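One file, upload_12.pdb, is given below (PDB, C-alpha atoms and all ligand atoms).
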```pdb
MODEL        1
ATOM      1  CA  MET R 171       0.000   0.000   0.000
ATOM      2  CA  PRO R 172       1.493   3.402  -0.939
ATOM      3  CA  ALA R 173       2.616   5.531   2.045
ATOM      4  CA  LEU R 174       0.323   8.470   1.225
ATOM      5  CA  ILE R 175      -2.798   6.304   1.190
ATOM      6  CA  ARG R 176      -1.655   4.578   4.381
ATOM      7  CA  SER R 177      -1.288   7.953   6.153
ATOM      8  CA  PHE R 178      -4.706   9.039   4.929
ATOM      9  CA  LEU R 179      -6.302   5.783   6.180
ATOM     10  CA  LEU R 180      -4.566   6.152   9.539
ATOM     11  CA  PHE R 181      -5.935   9.708   9.767
ATOM     12  CA  ILE R 182      -9.485   8.449   9.065
ATOM     13  CA  ILE R 183      -9.121   5.689  11.707
ATOM     14  CA  VAL R 184      -7.883   8.172  14.323
ATOM     15  CA  ILE R 185     -10.782  10.552  13.577
ATOM     16  CA  THR R 186     -13.304   7.688  13.724
ATOM     17  CA  CYS R 187     -11.948   6.389  17.029
ATOM     18  CA  SER R 188     -11.986   9.878  18.553
ATOM     19  CA  ALA R 189     -15.575  10.344  17.456
ATOM     20  CA  CYS R 190     -16.866   7.060  18.874
ATOM     21  CA  SER R 191     -15.605   7.529  22.432
ATOM     22  CA  SER R 192     -14.724  10.768  24.148
ATOM     23  CA  LYS R 193     -13.332   8.727  27.077
ATOM     24  CA  ASN R 194     -10.582   7.459  24.793
ATOM     25  CA  ASN R 195      -9.446  10.956  23.907
ATOM     26  CA  SER R 196      -7.114  11.199  26.858
ATOM     27  CA  GLU R 197      -5.772   7.659  26.337
ATOM     28  CA  LYS R 198      -2.822   6.799  24.174
ATOM     29  CA  MET R 199      -3.555   5.057  20.889
ATOM     30  CA  PRO R 200      -2.534   1.407  21.184
ATOM     31  CA  GLN R 201       0.476   0.479  19.067
ATOM     32  CA  SER R 202      -1.142  -2.753  17.893
ATOM     33  CA  ILE R 203      -4.309  -4.787  18.372
ATOM     34  CA  PRO R 204      -4.309  -6.229  21.918
ATOM     35  CA  GLU R 205      -3.719  -9.979  21.924
ATOM     36  CA  THR R 206      -6.976 -11.219  23.404
ATOM     37  CA  PRO R 207      -7.303 -14.983  23.913
ATOM     38  CA  ASP R 208      -9.681 -15.103  20.934
ATOM     39  CA  VAL R 209      -7.201 -13.470  18.611
ATOM     40  CA  LEU R 210      -4.488 -15.820  19.874
ATOM     41  CA  ALA R 211      -6.542 -18.950  19.160
ATOM     42  CA  LEU R 212      -7.024 -17.750  15.587
ATOM     43  CA  LYS R 213      -3.316 -16.910  15.285
ATOM     44  CA  HIS R 214      -2.440 -20.494  16.261
ATOM     45  CA  LEU R 215      -4.868 -21.789  13.659
ATOM     46  CA  GLN R 216      -3.509 -19.509  10.956
ATOM     47  CA  PHE R 217       0.105 -20.482  11.639
ATOM     48  CA  LEU R 218      -0.518 -24.226  11.905
ATOM     49  CA  SER R 219      -2.414 -24.273   8.606
ATOM     50  CA  SER R 220       0.078 -22.012   6.804
ATOM     51  CA  GLU R 221       2.027 -23.011   3.714
ATOM     52  CA  ARG R 222       5.220 -23.157   5.753
ATOM     53  CA  LEU R 223       3.996 -26.224   7.661
ATOM     54  CA  ALA R 224       3.003 -27.890   4.372
ATOM     55  CA  GLY R 225       0.153 -29.971   5.781
ATOM     56  CA  ARG R 226       2.003 -31.280   8.885
ATOM     57  CA  LYS R 227       2.338 -34.881   7.729
ATOM     58  CA  VAL R 228       3.708 -37.280  10.349
ATOM     59  CA  GLY R 229       7.489 -37.592  10.013
ATOM     60  CA  SER R 230       7.789 -34.502   7.759
ATOM     61  CA  LYS R 231       9.605 -31.202   8.255
ATOM     62  CA  GLY R 232       6.207 -29.470   8.517
ATOM     63  CA  GLY R 233       5.175 -31.899  11.245
ATOM     64  CA  GLN R 234       8.381 -31.069  13.108
ATOM     65  CA  LEU R 235       7.669 -27.346  12.812
ATOM     66  CA  ALA R 236       4.180 -27.907  14.213
ATOM     67  CA  GLN R 237       5.714 -29.725  17.201
ATOM     68  CA  ASP R 238       8.211 -26.899  17.749
ATOM     69  CA  TYR R 239       5.398 -24.347  17.660
ATOM     70  CA  ILE R 240       3.198 -26.237  20.140
ATOM     71  CA  ILE R 241       6.142 -26.662  22.539
ATOM     72  CA  SER R 242       7.132 -23.009  22.296
ATOM     73  CA  GLN R 243       3.576 -21.956  23.159
ATOM     74  CA  LEU R 244       3.373 -24.364  26.108
ATOM     75  CA  GLN R 245       6.699 -23.060  27.420
ATOM     76  CA  HIS R 246       5.473 -19.509  26.988
ATOM     77  CA  TYR R 247       2.325 -20.348  29.001
ATOM     78  CA  LYS R 248       4.470 -22.179  31.601
ATOM     79  CA  VAL R 249       2.524 -25.427  31.153
ATOM     80  CA  ARG R 250       4.869 -28.197  32.256
ATOM     81  CA  PRO R 251       5.705 -31.312  30.210
ATOM     82  CA  PHE R 252       3.962 -34.499  31.330
ATOM     83  CA  SER R 253       7.276 -36.368  31.622
ATOM     84  CA  SER R 254      10.871 -35.172  31.330
ATOM     85  CA  ASP R 255      10.288 -33.915  27.771
ATOM     86  CA  TYR R 256       7.256 -32.462  25.979
ATOM     87  CA  ARG R 257       7.943 -34.821  23.085
ATOM     88  CA  ALA R 258       6.921 -38.455  23.443
ATOM     89  CA  SER R 259       8.311 -40.114  20.335
ATOM     90  CA  PHE R 260       7.164 -43.327  18.714
ATOM     91  CA  GLU R 261       8.080 -45.413  15.718
ATOM     92  CA  HIS R 262       5.798 -47.476  13.540
ATOM     93  CA  HIS R 263       7.094 -50.178  11.197
ATOM     94  CA  ASN R 264       5.311 -51.789   8.333
ATOM     95  CA  PHE R 265       6.563 -53.878   5.408
ATOM     96  CA  PHE R 266       7.635 -50.893   3.352
ATOM     97  CA  LYS R 267       8.947 -48.292   5.746
ATOM     98  CA  SER R 268       9.246 -47.053   9.270
ATOM     99  CA  ILE R 269       7.430 -43.888  10.348
ATOM    100  CA  GLN R 270       8.590 -41.755  13.237
ATOM    101  CA  GLY R 271       6.332 -39.353  15.041
ATOM    102  CA  SER R 272       6.115 -37.451  18.315
ATOM    103  CA  ASN R 273       3.147 -36.641  20.489
ATOM    104  CA  ILE R 274       3.446 -33.490  22.558
ATOM    105  CA  VAL R 275       2.202 -34.064  26.092
ATOM    106  CA  ALA R 276       1.768 -31.409  28.783
ATOM    107  CA  PHE R 277       0.139 -31.380  32.174
ATOM    108  CA  THR R 278      -1.541 -29.236  34.821
ATOM    109  CA  PRO R 279      -2.078 -30.805  38.278
ATOM    110  CA  GLY R 280      -5.585 -30.714  39.721
ATOM    111  CA  THR R 281      -6.409 -28.669  42.810
ATOM    112  CA  GLU R 282      -8.702 -31.222  44.511
ATOM    113  CA  SER R 283      -8.286 -34.619  42.819
ATOM    114  CA  PRO R 284      -4.752 -34.536  41.388
ATOM    115  CA  SER R 285      -4.584 -38.333  41.028
ATOM    116  CA  LYS R 286      -7.509 -38.362  38.573
ATOM    117  CA  PHE R 287      -6.811 -37.281  35.007
ATOM    118  CA  ILE R 288      -8.876 -35.741  32.255
ATOM    119  CA  VAL R 289      -7.083 -36.164  28.901
ATOM    120  CA  LEU R 290      -7.849 -33.341  26.487
ATOM    121  CA  SER R 291      -6.675 -34.450  23.039
ATOM    122  CA  ALA R 292      -6.357 -33.094  19.510
ATOM    123  CA  HIS R 293      -4.213 -34.301  16.624
ATOM    124  CA  PHE R 294      -1.882 -31.799  15.001
ATOM    125  CA  ASP R 295      -0.803 -33.908  12.006
ATOM    126  CA  HIS R 296      -2.564 -33.831   8.639
ATOM    127  CA  LEU R 297      -2.045 -35.196   5.120
ATOM    128  CA  GLY R 298       0.980 -33.152   4.039
ATOM    129  CA  ARG R 299       1.424 -32.291   0.378
ATOM    130  CA  GLN R 300       1.291 -33.914  -3.027
ATOM    131  CA  GLY R 301       3.637 -32.081  -5.375
ATOM    132  CA  SER R 302       2.616 -28.464  -5.289
ATOM    133  CA  LYS R 303      -0.766 -29.232  -3.681
ATOM    134  CA  ILE R 304      -0.811 -28.571   0.057
ATOM    135  CA  TYR R 305      -3.420 -30.110   2.302
ATOM    136  CA  HIS R 306      -3.498 -27.336   4.905
ATOM    137  CA  GLY R 307      -5.770 -29.102   7.365
ATOM    138  CA  ALA R 308      -7.124 -25.892   8.887
ATOM    139  CA  ASP R 309     -10.300 -27.469  10.212
ATOM    140  CA  ASP R 310      -8.694 -30.952  10.343
ATOM    141  CA  ASN R 311      -7.165 -30.392  12.827
ATOM    142  CA  ALA R 312      -5.335 -27.106  13.270
ATOM    143  CA  SER R 313      -8.669 -26.073  14.823
ATOM    144  CA  GLY R 314      -8.635 -28.631  17.647
ATOM    145  CA  THR R 315      -4.899 -28.105  18.218
ATOM    146  CA  SER R 316      -5.390 -24.339  18.562
ATOM    147  CA  ALA R 317      -8.288 -24.822  20.977
ATOM    148  CA  LEU R 318      -6.131 -27.165  23.056
ATOM    149  CA  LEU R 319      -3.323 -24.583  23.226
ATOM    150  CA  HIS R 320      -5.894 -22.018  24.311
ATOM    151  CA  TYR R 321      -7.217 -24.330  27.059
ATOM    152  CA  ALA R 322      -3.681 -25.136  28.223
ATOM    153  CA  LYS R 323      -3.106 -21.444  28.813
ATOM    154  CA  GLN R 324      -6.489 -20.974  30.490
ATOM    155  CA  ILE R 325      -6.183 -24.045  32.742
ATOM    156  CA  GLN R 326      -2.585 -23.232  33.699
ATOM    157  CA  GLN R 327      -3.810 -19.827  34.898
ATOM    158  CA  SER R 328      -6.837 -21.265  36.641
ATOM    159  CA  PRO R 329      -6.363 -25.009  37.272
ATOM    160  CA  LEU R 330      -9.261 -27.452  37.324
ATOM    161  CA  ARG R 331     -10.178 -29.743  40.238
ATOM    162  CA  HIS R 332      -8.801 -32.735  38.315
ATOM    163  CA  SER R 333      -5.390 -33.057  36.715
ATOM    164  CA  VAL R 334      -5.416 -32.333  33.005
ATOM    165  CA  ILE R 335      -3.179 -33.924  30.376
ATOM    166  CA  PHE R 336      -2.936 -31.940  27.159
ATOM    167  CA  LEU R 337      -2.298 -34.561  24.497
ATOM    168  CA  PHE R 338      -1.347 -33.212  21.074
ATOM    169  CA  THR R 339      -1.193 -36.325  18.914
ATOM    170  CA  ASP R 340       0.866 -37.021  15.814
ATOM    171  CA  GLY R 341      -0.017 -39.620  13.177
ATOM    172  CA  GLU R 342      -3.786 -39.585  13.698
ATOM    173  CA  GLU R 343      -4.239 -39.570   9.942
ATOM    174  CA  SER R 344      -2.122 -42.750   9.823
ATOM    175  CA  ASN R 345      -4.316 -45.109  11.802
ATOM    176  CA  LEU R 346      -4.333 -43.153  15.078
ATOM    177  CA  MET R 347      -0.641 -43.926  15.632
ATOM    178  CA  GLY R 348      -0.029 -41.200  18.197
ATOM    179  CA  ALA R 349      -3.023 -42.009  20.396
ATOM    180  CA  ARG R 350      -2.110 -45.712  20.306
ATOM    181  CA  ALA R 351       1.475 -44.857  21.298
ATOM    182  CA  PHE R 352       0.256 -42.669  24.182
ATOM    183  CA  ILE R 353      -1.798 -45.563  25.586
ATOM    184  CA  GLU R 354       1.114 -47.998  25.150
ATOM    185  CA  GLN R 355       3.555 -45.627  26.834
ATOM    186  CA  ASN R 356       1.229 -44.902  29.779
ATOM    187  CA  GLN R 357      -0.240 -48.275  30.724
ATOM    188  CA  SER R 358       0.097 -47.612  34.441
ATOM    189  CA  LEU R 359      -1.933 -44.418  34.087
ATOM    190  CA  LEU R 360      -4.972 -45.918  32.381
ATOM    191  CA  THR R 361      -7.059 -46.574  35.498
ATOM    192  CA  ALA R 362      -6.450 -42.979  36.639
ATOM    193  CA  ILE R 363      -7.823 -41.476  33.393
ATOM    194  CA  VAL R 364     -11.454 -40.685  34.107
ATOM    195  CA  LEU R 365     -12.317 -39.089  30.777
ATOM    196  CA  ASN R 366     -10.959 -38.302  27.304
ATOM    197  CA  ILE R 367     -12.287 -35.197  25.572
ATOM    198  CA  ASN R 368     -11.189 -35.255  21.937
ATOM    199  CA  LEU R 369     -11.418 -32.318  19.541
ATOM    200  CA  ASP R 370     -11.175 -32.940  15.810
ATOM    201  CA  MET R 371     -12.540 -30.445  13.261
ATOM    202  CA  ILE R 372     -14.257 -27.710  15.257
ATOM    203  CA  ALA R 373     -13.994 -24.786  12.791
ATOM    204  CA  GLY R 374     -16.090 -26.153   9.906
ATOM    205  CA  THR R 375     -16.749 -24.202   6.725
ATOM    206  CA  GLN R 376     -18.277 -20.774   6.089
ATOM    207  CA  THR R 377     -21.778 -22.235   6.434
ATOM    208  CA  THR R 378     -21.226 -24.382   9.543
ATOM    209  CA  GLN R 379     -23.724 -23.649  12.301
ATOM    210  CA  ASN R 380     -23.677 -26.525  14.745
ATOM    211  CA  LEU R 381     -21.177 -28.359  16.831
ATOM    212  CA  HIS R 382     -21.801 -32.089  17.230
ATOM    213  CA  PHE R 383     -20.661 -34.606  19.774
ATOM    214  CA  ILE R 384     -20.777 -38.257  20.614
ATOM    215  CA  SER R 385     -19.887 -39.853  23.920
ATOM    216  CA  ARG R 386     -19.677 -43.273  25.506
ATOM    217  CA  ARG R 387     -19.645 -44.434  29.124
ATOM    218  CA  LEU R 388     -20.369 -40.951  30.523
ATOM    219  CA  ASP R 389     -22.937 -42.566  32.809
ATOM    220  CA  GLN R 390     -19.978 -44.124  34.644
ATOM    221  CA  ILE R 391     -18.775 -40.710  35.772
ATOM    222  CA  LEU R 392     -21.872 -38.466  35.842
ATOM    223  CA  THR R 393     -25.376 -39.055  37.217
ATOM    224  CA  ALA R 394     -28.447 -38.917  34.965
ATOM    225  CA  LYS R 395     -29.321 -35.535  36.496
ATOM    226  CA  GLN R 396     -25.832 -34.132  35.833
ATOM    227  CA  LEU R 397     -25.951 -35.398  32.243
ATOM    228  CA  LYS R 398     -29.264 -33.598  31.741
ATOM    229  CA  LEU R 399     -27.794 -30.381  33.143
ATOM    230  CA  LEU R 400     -24.742 -30.749  30.893
ATOM    231  CA  ALA R 401     -27.009 -31.074  27.854
ATOM    232  CA  ARG R 402     -29.077 -28.045  28.917
ATOM    233  CA  GLN R 403     -26.194 -25.605  29.365
ATOM    234  CA  ASN R 404     -26.627 -22.279  27.658
ATOM    235  CA  ASN R 405     -23.796 -22.412  25.114
ATOM    236  CA  PRO R 406     -22.492 -19.881  22.572
ATOM    237  CA  VAL R 407     -23.149 -22.486  19.833
ATOM    238  CA  GLU R 408     -25.781 -25.176  19.738
ATOM    239  CA  ILE R 409     -24.401 -28.648  20.370
ATOM    240  CA  LYS R 410     -26.164 -31.552  18.712
ATOM    241  CA  SER R 411     -25.885 -35.130  19.818
ATOM    242  CA  GLY R 412     -24.646 -37.428  17.040
ATOM    243  CA  PHE R 413     -23.321 -36.810  13.530
ATOM    244  CA  HIS R 414     -24.929 -36.924  10.113
ATOM    245  CA  SER R 415     -23.612 -39.697   7.960
ATOM    246  CA  PRO R 416     -22.529 -38.500   4.520
ATOM    247  CA  ARG R 417     -24.670 -39.368   1.507
ATOM    248  CA  ARG R 418     -24.534 -43.102   0.962
ATOM    249  CA  SER R 419     -23.492 -42.810  -2.660
ATOM    250  CA  GLU R 420     -20.307 -40.964  -1.679
ATOM    251  CA  ARG R 421     -18.961 -42.920   1.261
ATOM    252  CA  THR R 422     -19.660 -45.919   3.333
ATOM    253  CA  HIS R 423     -21.104 -45.607   6.797
ATOM    254  CA  ILE R 424     -18.825 -43.863   9.329
ATOM    255  CA  ARG R 425     -18.547 -45.314  12.811
ATOM    256  CA  TRP R 426     -18.038 -42.039  14.632
ATOM    257  CA  GLU R 427     -16.930 -43.694  17.869
ATOM    258  CA  LEU R 428     -13.885 -44.905  15.900
ATOM    259  CA  ALA R 429     -13.388 -41.836  13.715
ATOM    260  CA  SER R 430     -10.551 -40.119  15.601
ATOM    261  CA  ASP R 431      -8.190 -40.509  18.570
ATOM    262  CA  HIS R 432     -11.007 -41.049  21.093
ATOM    263  CA  ALA R 433     -11.385 -44.531  19.531
ATOM    264  CA  VAL R 434      -8.267 -45.711  21.352
ATOM    265  CA  PHE R 435      -9.630 -44.567  24.730
ATOM    266  CA  TYR R 436     -12.986 -46.151  23.882
ATOM    267  CA  GLN R 437     -11.238 -49.456  23.108
ATOM    268  CA  HIS R 438      -9.691 -49.288  26.585
ATOM    269  CA  LYS R 439     -13.115 -48.700  28.159
ATOM    270  CA  ILE R 440     -12.286 -45.115  29.135
ATOM    271  CA  PRO R 441     -15.274 -42.711  28.909
ATOM    272  CA  PHE R 442     -14.931 -40.169  26.107
ATOM    273  CA  ILE R 443     -16.620 -37.197  24.466
ATOM    274  CA  TYR R 444     -15.737 -36.291  20.913
ATOM    275  CA  TYR R 445     -16.563 -32.821  19.558
ATOM    276  CA  GLY R 446     -16.500 -31.965  15.849
ATOM    277  CA  VAL R 447     -18.554 -30.602  12.989
ATOM    278  CA  GLY R 448     -18.736 -33.822  10.975
ATOM    279  CA  GLU R 449     -18.118 -34.377   7.266
ATOM    280  CA  HIS R 450     -18.041 -31.391   4.913
ATOM    281  CA  LYS R 451     -16.968 -30.452   1.403
ATOM    282  CA  ASN R 452     -13.433 -29.352   2.412
ATOM    283  CA  HIS R 453     -12.599 -32.402   4.504
ATOM    284  CA  HIS R 454      -9.305 -33.928   3.273
ATOM    285  CA  GLN R 455      -9.259 -31.456   0.364
ATOM    286  CA  THR R 456      -6.744 -28.701  -0.402
ATOM    287  CA  SER R 457      -9.645 -26.284   0.238
ATOM    288  CA  ASP R 458      -9.466 -27.009   3.991
ATOM    289  CA  SER R 459      -7.572 -23.750   4.447
ATOM    290  CA  TYR R 460      -7.628 -20.861   6.919
ATOM    291  CA  GLU R 461      -9.678 -18.670   4.524
ATOM    292  CA  ASN R 462     -12.415 -21.300   4.318
ATOM    293  CA  ILE R 463     -13.052 -21.973   7.989
ATOM    294  CA  ASN R 464     -15.775 -20.204   9.947
ATOM    295  CA  GLN R 465     -13.814 -17.975  12.343
ATOM    296  CA  GLN R 466     -16.785 -16.804  14.395
ATOM    297  CA  PHE R 467     -18.101 -20.330  14.726
ATOM    298  CA  PHE R 468     -14.644 -21.588  15.754
ATOM    299  CA  LEU R 469     -14.336 -19.028  18.550
ATOM    300  CA  ALA R 470     -17.830 -19.814  19.789
ATOM    301  CA  ALA R 471     -17.078 -23.559  19.647
ATOM    302  CA  VAL R 472     -13.874 -23.028  21.679
ATOM    303  CA  ALA R 473     -15.872 -21.198  24.360
ATOM    304  CA  THR R 474     -18.678 -23.778  24.292
ATOM    305  CA  ILE R 475     -16.380 -26.767  24.725
ATOM    306  CA  TYR R 476     -14.617 -25.007  27.588
ATOM    307  CA  GLN R 477     -17.969 -24.556  29.348
ATOM    308  CA  GLN R 478     -18.581 -28.274  28.968
ATOM    309  CA  ILE R 479     -15.107 -29.162  30.305
ATOM    310  CA  SER R 480     -15.591 -26.861  33.258
ATOM    311  CA  PHE R 481     -19.044 -28.282  34.086
ATOM    312  CA  ILE R 482     -17.748 -31.848  33.927
ATOM    313  CA  ASP R 483     -14.721 -31.027  36.093
ATOM    314  CA  GLN R 484     -16.990 -29.465  38.718
ATOM    315  CA  ASN R 485     -19.332 -32.437  38.756
ATOM    316  CA  LEU R 486     -16.996 -35.427  38.503
TER     317      LEU R 486
HETATM  318 ZN    ZN W 501      -8.799 -35.177  11.885
ENDMDL
END
```
Mind turning the file's structure into structure tokens?
Amino acid sequence: MPALIRSFLLFIIVITCSACSSKNNSEKMPQSIPETPDVLALKHLQFLSSERLAGRKVGSKGGQLAQDYIISQLQHYKVRPFSSDYRASFEHHNFFKSIQGSNIVAFTPGTESPSKFIVLSAHFDHLGRQGSKIYHGADDNASGTSALLHYAKQIQQSPLRHSVIFLFTDGEESNLMGARAFIEQNQSLLTAIVLNINLDMIAGTQTTQNLHFISRRLDQILTAKQLKLLARQNNPVEIKSGFHSPRRSERTHIRWELASDHAVFYQHKIPFIYYGVGEHKNHHQTSDSYENINQQFFLAAVATIYQQISFIDQNL
């Protein structure tokens, strides 16, 4: 933008701001937009789905950059690693090759029941690139990863009653490798995990309006009355129970309880809730980019899921 036009625009902005609030007249103009939590969650999403990370495929340079970013944010928020290192690496061999990945695992101790754990999970990997085509994976699942970073900051500042493990998984797109590795590496912890809350695709498309969820075994941890209250909460976005199956001609039936990392917790009989928006036109397409998500919906979904987490923590 030419300098003259920029100066003129700045002049207009200053005049407009002065006109809308006389109280602000005596205050200094801020140098930049304040970094509210909302803006930060979107910044995470924008960075993680940027060209630089090239679709964050497990074992790729982009995947490594995503790990570095998540760790740097956790360090910045002073959220401690779950073990000696934030990275929990794993290796998967098949006939053709070996794939290496790393989950990022962080932790905030609970204030009242520190020996009981809620695992909040989201996968950060995606499909990578094919030639010049980048699968950005903005909704799938830079969205859930960004929400999890946001919650890590929030819960570190104001811890929950129960201990919380922030599990950023790698290799979800390759048969849930990261979630399987987490379970294998933490066998002794399994009986202490009371609930998994998994986030995968919570930003949708421009037309997305509803958040969906499925859960299993919640009746083991909450009473019927508490479950009713949880369902009746006044949320920023409407949450619907269950997911639409895509048109039969396009895909076969999806078993949503196995559709993402929560499947591994489910297979180990651990109660779970999975939040997402379900199938849409950009899923696993190059069009799943930052420009095509629904920013307002995403922010409302982040706030809604936090309300649910908070209610459950209070009532467990
Ligand atoms: Zn996903």
Hey, which residues come within 6 Å of ligand ZN 501 (chain W) if we count only C-alpha atoms and all ligand atoms? Could you give them as a compact mmCIF listing (two decimals) with C-alpha atoms, in the coordinates of the input?
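Printed below is selection-v1.txt as written:
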```txt
# COMPACT_ATOMS: atom_id res chain seq x y z
CA ASP R 310 -8.69 -30.95 10.34
CA ASN R 311 -7.16 -30.39 12.83
CA ASP R 370 -11.18 -32.94 15.81
```
*R:Leu210 surroundings by all atoms listed in the file, 12 Å radius, close-in-sequence under 6 positions cut, as number ranges by chain*: R: 203-204, 216-217, 243, 316-321, 323-324, 469, 472
_I'd like to know which of R:Gln270, R:Ser291, R:Gln478, R:Thr378 is closest to R:Ala349, using only C-alpha atoms._
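Selected residue with least distance to R:Ala349: R:Ser291.
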*Restricting the calculation to only C-alpha atoms, which member of R:Gln466, R:Thr361, R:Asn380, R:Thr339 is positioned closest to R:Thr315?*
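Smallest separation from R:Thr315 among the options: R:Thr339.
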_Residue with smallest distance to R:Arg402 - pool R:Phe481, R:Phe287, R:Phe277, R:Tyr305, counting all atoms listed in the file_ =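 Closest residue, counting all atoms listed in the file: R:Phe481.
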*Point-to-point distance from atom CA of R:Gln455 to atom CA of R:Tyr239, Å rounded to tenths*: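 Separation between atom CA of R:Gln455 and atom CA of R:Tyr239: 23.8 Å.
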*Find the residues around R:Ala312 up to 10 Å (all atoms listed in the file counted), leave out those fewer than 5 positions away in its own chain, and share them as a PyMOL selection string.*
chain R and resi 212+214-220+225-226+236+292-296+306-307+317-318+370-373+459-460
*Report the distance between atom CA of R:Tyr444 and atom CA of R:Phe383 in Å, rounded to one decimal place.*
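Atom-to-atom, atom CA of R:Tyr444 and atom CA of R:Phe383 are spaced 5.3 Å apart.
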*Counting all atoms listed in the file, the option among R:Lys303, R:Arg350, R:Gln465, R:Ala394 closest to R:Gln379*: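 Closest to R:Gln379 of all the choices is R:Gln465.
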_Selection under test: the PyMOL selection byres (((chain R and resi 391) around 9) and not hetatm); residues as a list in words_ =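 Selection result, ordered by chain and number: Val364, Leu365, Arg387, Leu388, Asp389, Gln390, Leu392, Thr393, Pro441, Asn485 and Leu486 of chain R.
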Just write the chosen residues, C-alpha atoms, as an mmCIF file, in the coordinates of the input.
```
data_model
loop_
_atom_site.group_PDB
_atom_site.id
_atom_site.type_symbol
_atom_site.label_atom_id
_atom_site.label_comp_id
_atom_site.auth_asym_id
_atom_site.auth_seq_id
_atom_site.Cartn_x
_atom_site.Cartn_y
_atom_site.Cartn_z
ATOM 1 C CA VAL R 364 -11.454 -40.685 34.107
ATOM 2 C CA LEU R 365 -12.317 -39.089 30.777
ATOM 3 C CA ARG R 387 -19.645 -44.434 29.124
ATOM 4 C CA LEU R 388 -20.369 -40.951 30.523
ATOM 5 C CA ASP R 389 -22.937 -42.566 32.809
ATOM 6 C CA GLN R 390 -19.978 -44.124 34.644
ATOM 7 C CA LEU R 392 -21.872 -38.466 35.842
ATOM 8 C CA THR R 393 -25.376 -39.055 37.217
ATOM 9 C CA PRO R 441 -15.274 -42.711 28.909
ATOM 10 C CA ASN R 485 -19.332 -32.437 38.756
ATOM 11 C CA LEU R 486 -16.996 -35.427 38.503
#
```
*Would you list the contacts of R:Ser333 as a list in words, taking every protein, DNA or RNA residue within 9 Å and counting all atoms listed in the file, but skipping same-chain residues closer than 2 positions in sequence?*
Phe277, Thr278, Pro279, Gly280, Thr281, Glu282, Ser283, Pro284, Ser285, Lys286, Phe287, Ile288, Val289, Pro329, Leu330, Arg331 and Ile335 of chain R
*asked:* Given the point (8.1, -28.9, 10.2) in the file's coordinates, find the residues that have an atom at most 9 Å from it, counting only C-alpha atoms, and give them as an NGL selection string.
replied: :R and (222-224 or 226-227 or 229-238)
With C-alpha atoms kept, could you save the residues just selected as a compact mmCIF listing (two decimals), keeping the file's coordinate frame?
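Output (selection30.txt):
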```txt
# COMPACT_ATOMS: atom_id res chain seq x y z
CA ARG R 222 5.22 -23.16 5.75
CA LEU R 223 4.00 -26.22 7.66
CA ALA R 224 3.00 -27.89 4.37
CA ARG R 226 2.00 -31.28 8.88
CA LYS R 227 2.34 -34.88 7.73
CA GLY R 229 7.49 -37.59 10.01
CA SER R 230 7.79 -34.50 7.76
CA LYS R 231 9.60 -31.20 8.26
CA GLY R 232 6.21 -29.47 8.52
CA GLY R 233 5.18 -31.90 11.24
CA GLN R 234 8.38 -31.07 13.11
CA LEU R 235 7.67 -27.35 12.81
CA ALA R 236 4.18 -27.91 14.21
CA GLN R 237 5.71 -29.72 17.20
CA ASP R 238 8.21 -26.90 17.75
```
_Nearest candidate to R:Ser457 (options R:Ile304, R:Ile241, R:Ile353, R:Ile384; using all atoms listed in the file)_ =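 Result for the nearest residue to R:Ser457: R:Ile304.
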_Selection near stretch 428-431 of chain R, 6 Å with only C-alpha atoms, sequence-local residues under 2 positions removed, as number ranges by chain_ = R: 346, 349, 425-426, 433-434
Hey, can you spit out that residue selection with C-alpha atoms as a short mmCIF file (atom, residue, chain, number, x, y, z; two decimals), keeping the file's coordinate frame?
```
data_model
loop_
_atom_site.label_atom_id
_atom_site.label_comp_id
_atom_site.auth_asym_id
_atom_site.auth_seq_id
_atom_site.Cartn_x
_atom_site.Cartn_y
_atom_site.Cartn_z
CA LEU R 346 -4.33 -43.15 15.08
CA ALA R 349 -3.02 -42.01 20.40
CA ARG R 425 -18.55 -45.31 12.81
CA TRP R 426 -18.04 -42.04 14.63
CA ALA R 433 -11.38 -44.53 19.53
CA VAL R 434 -8.27 -45.71 21.35
#
```
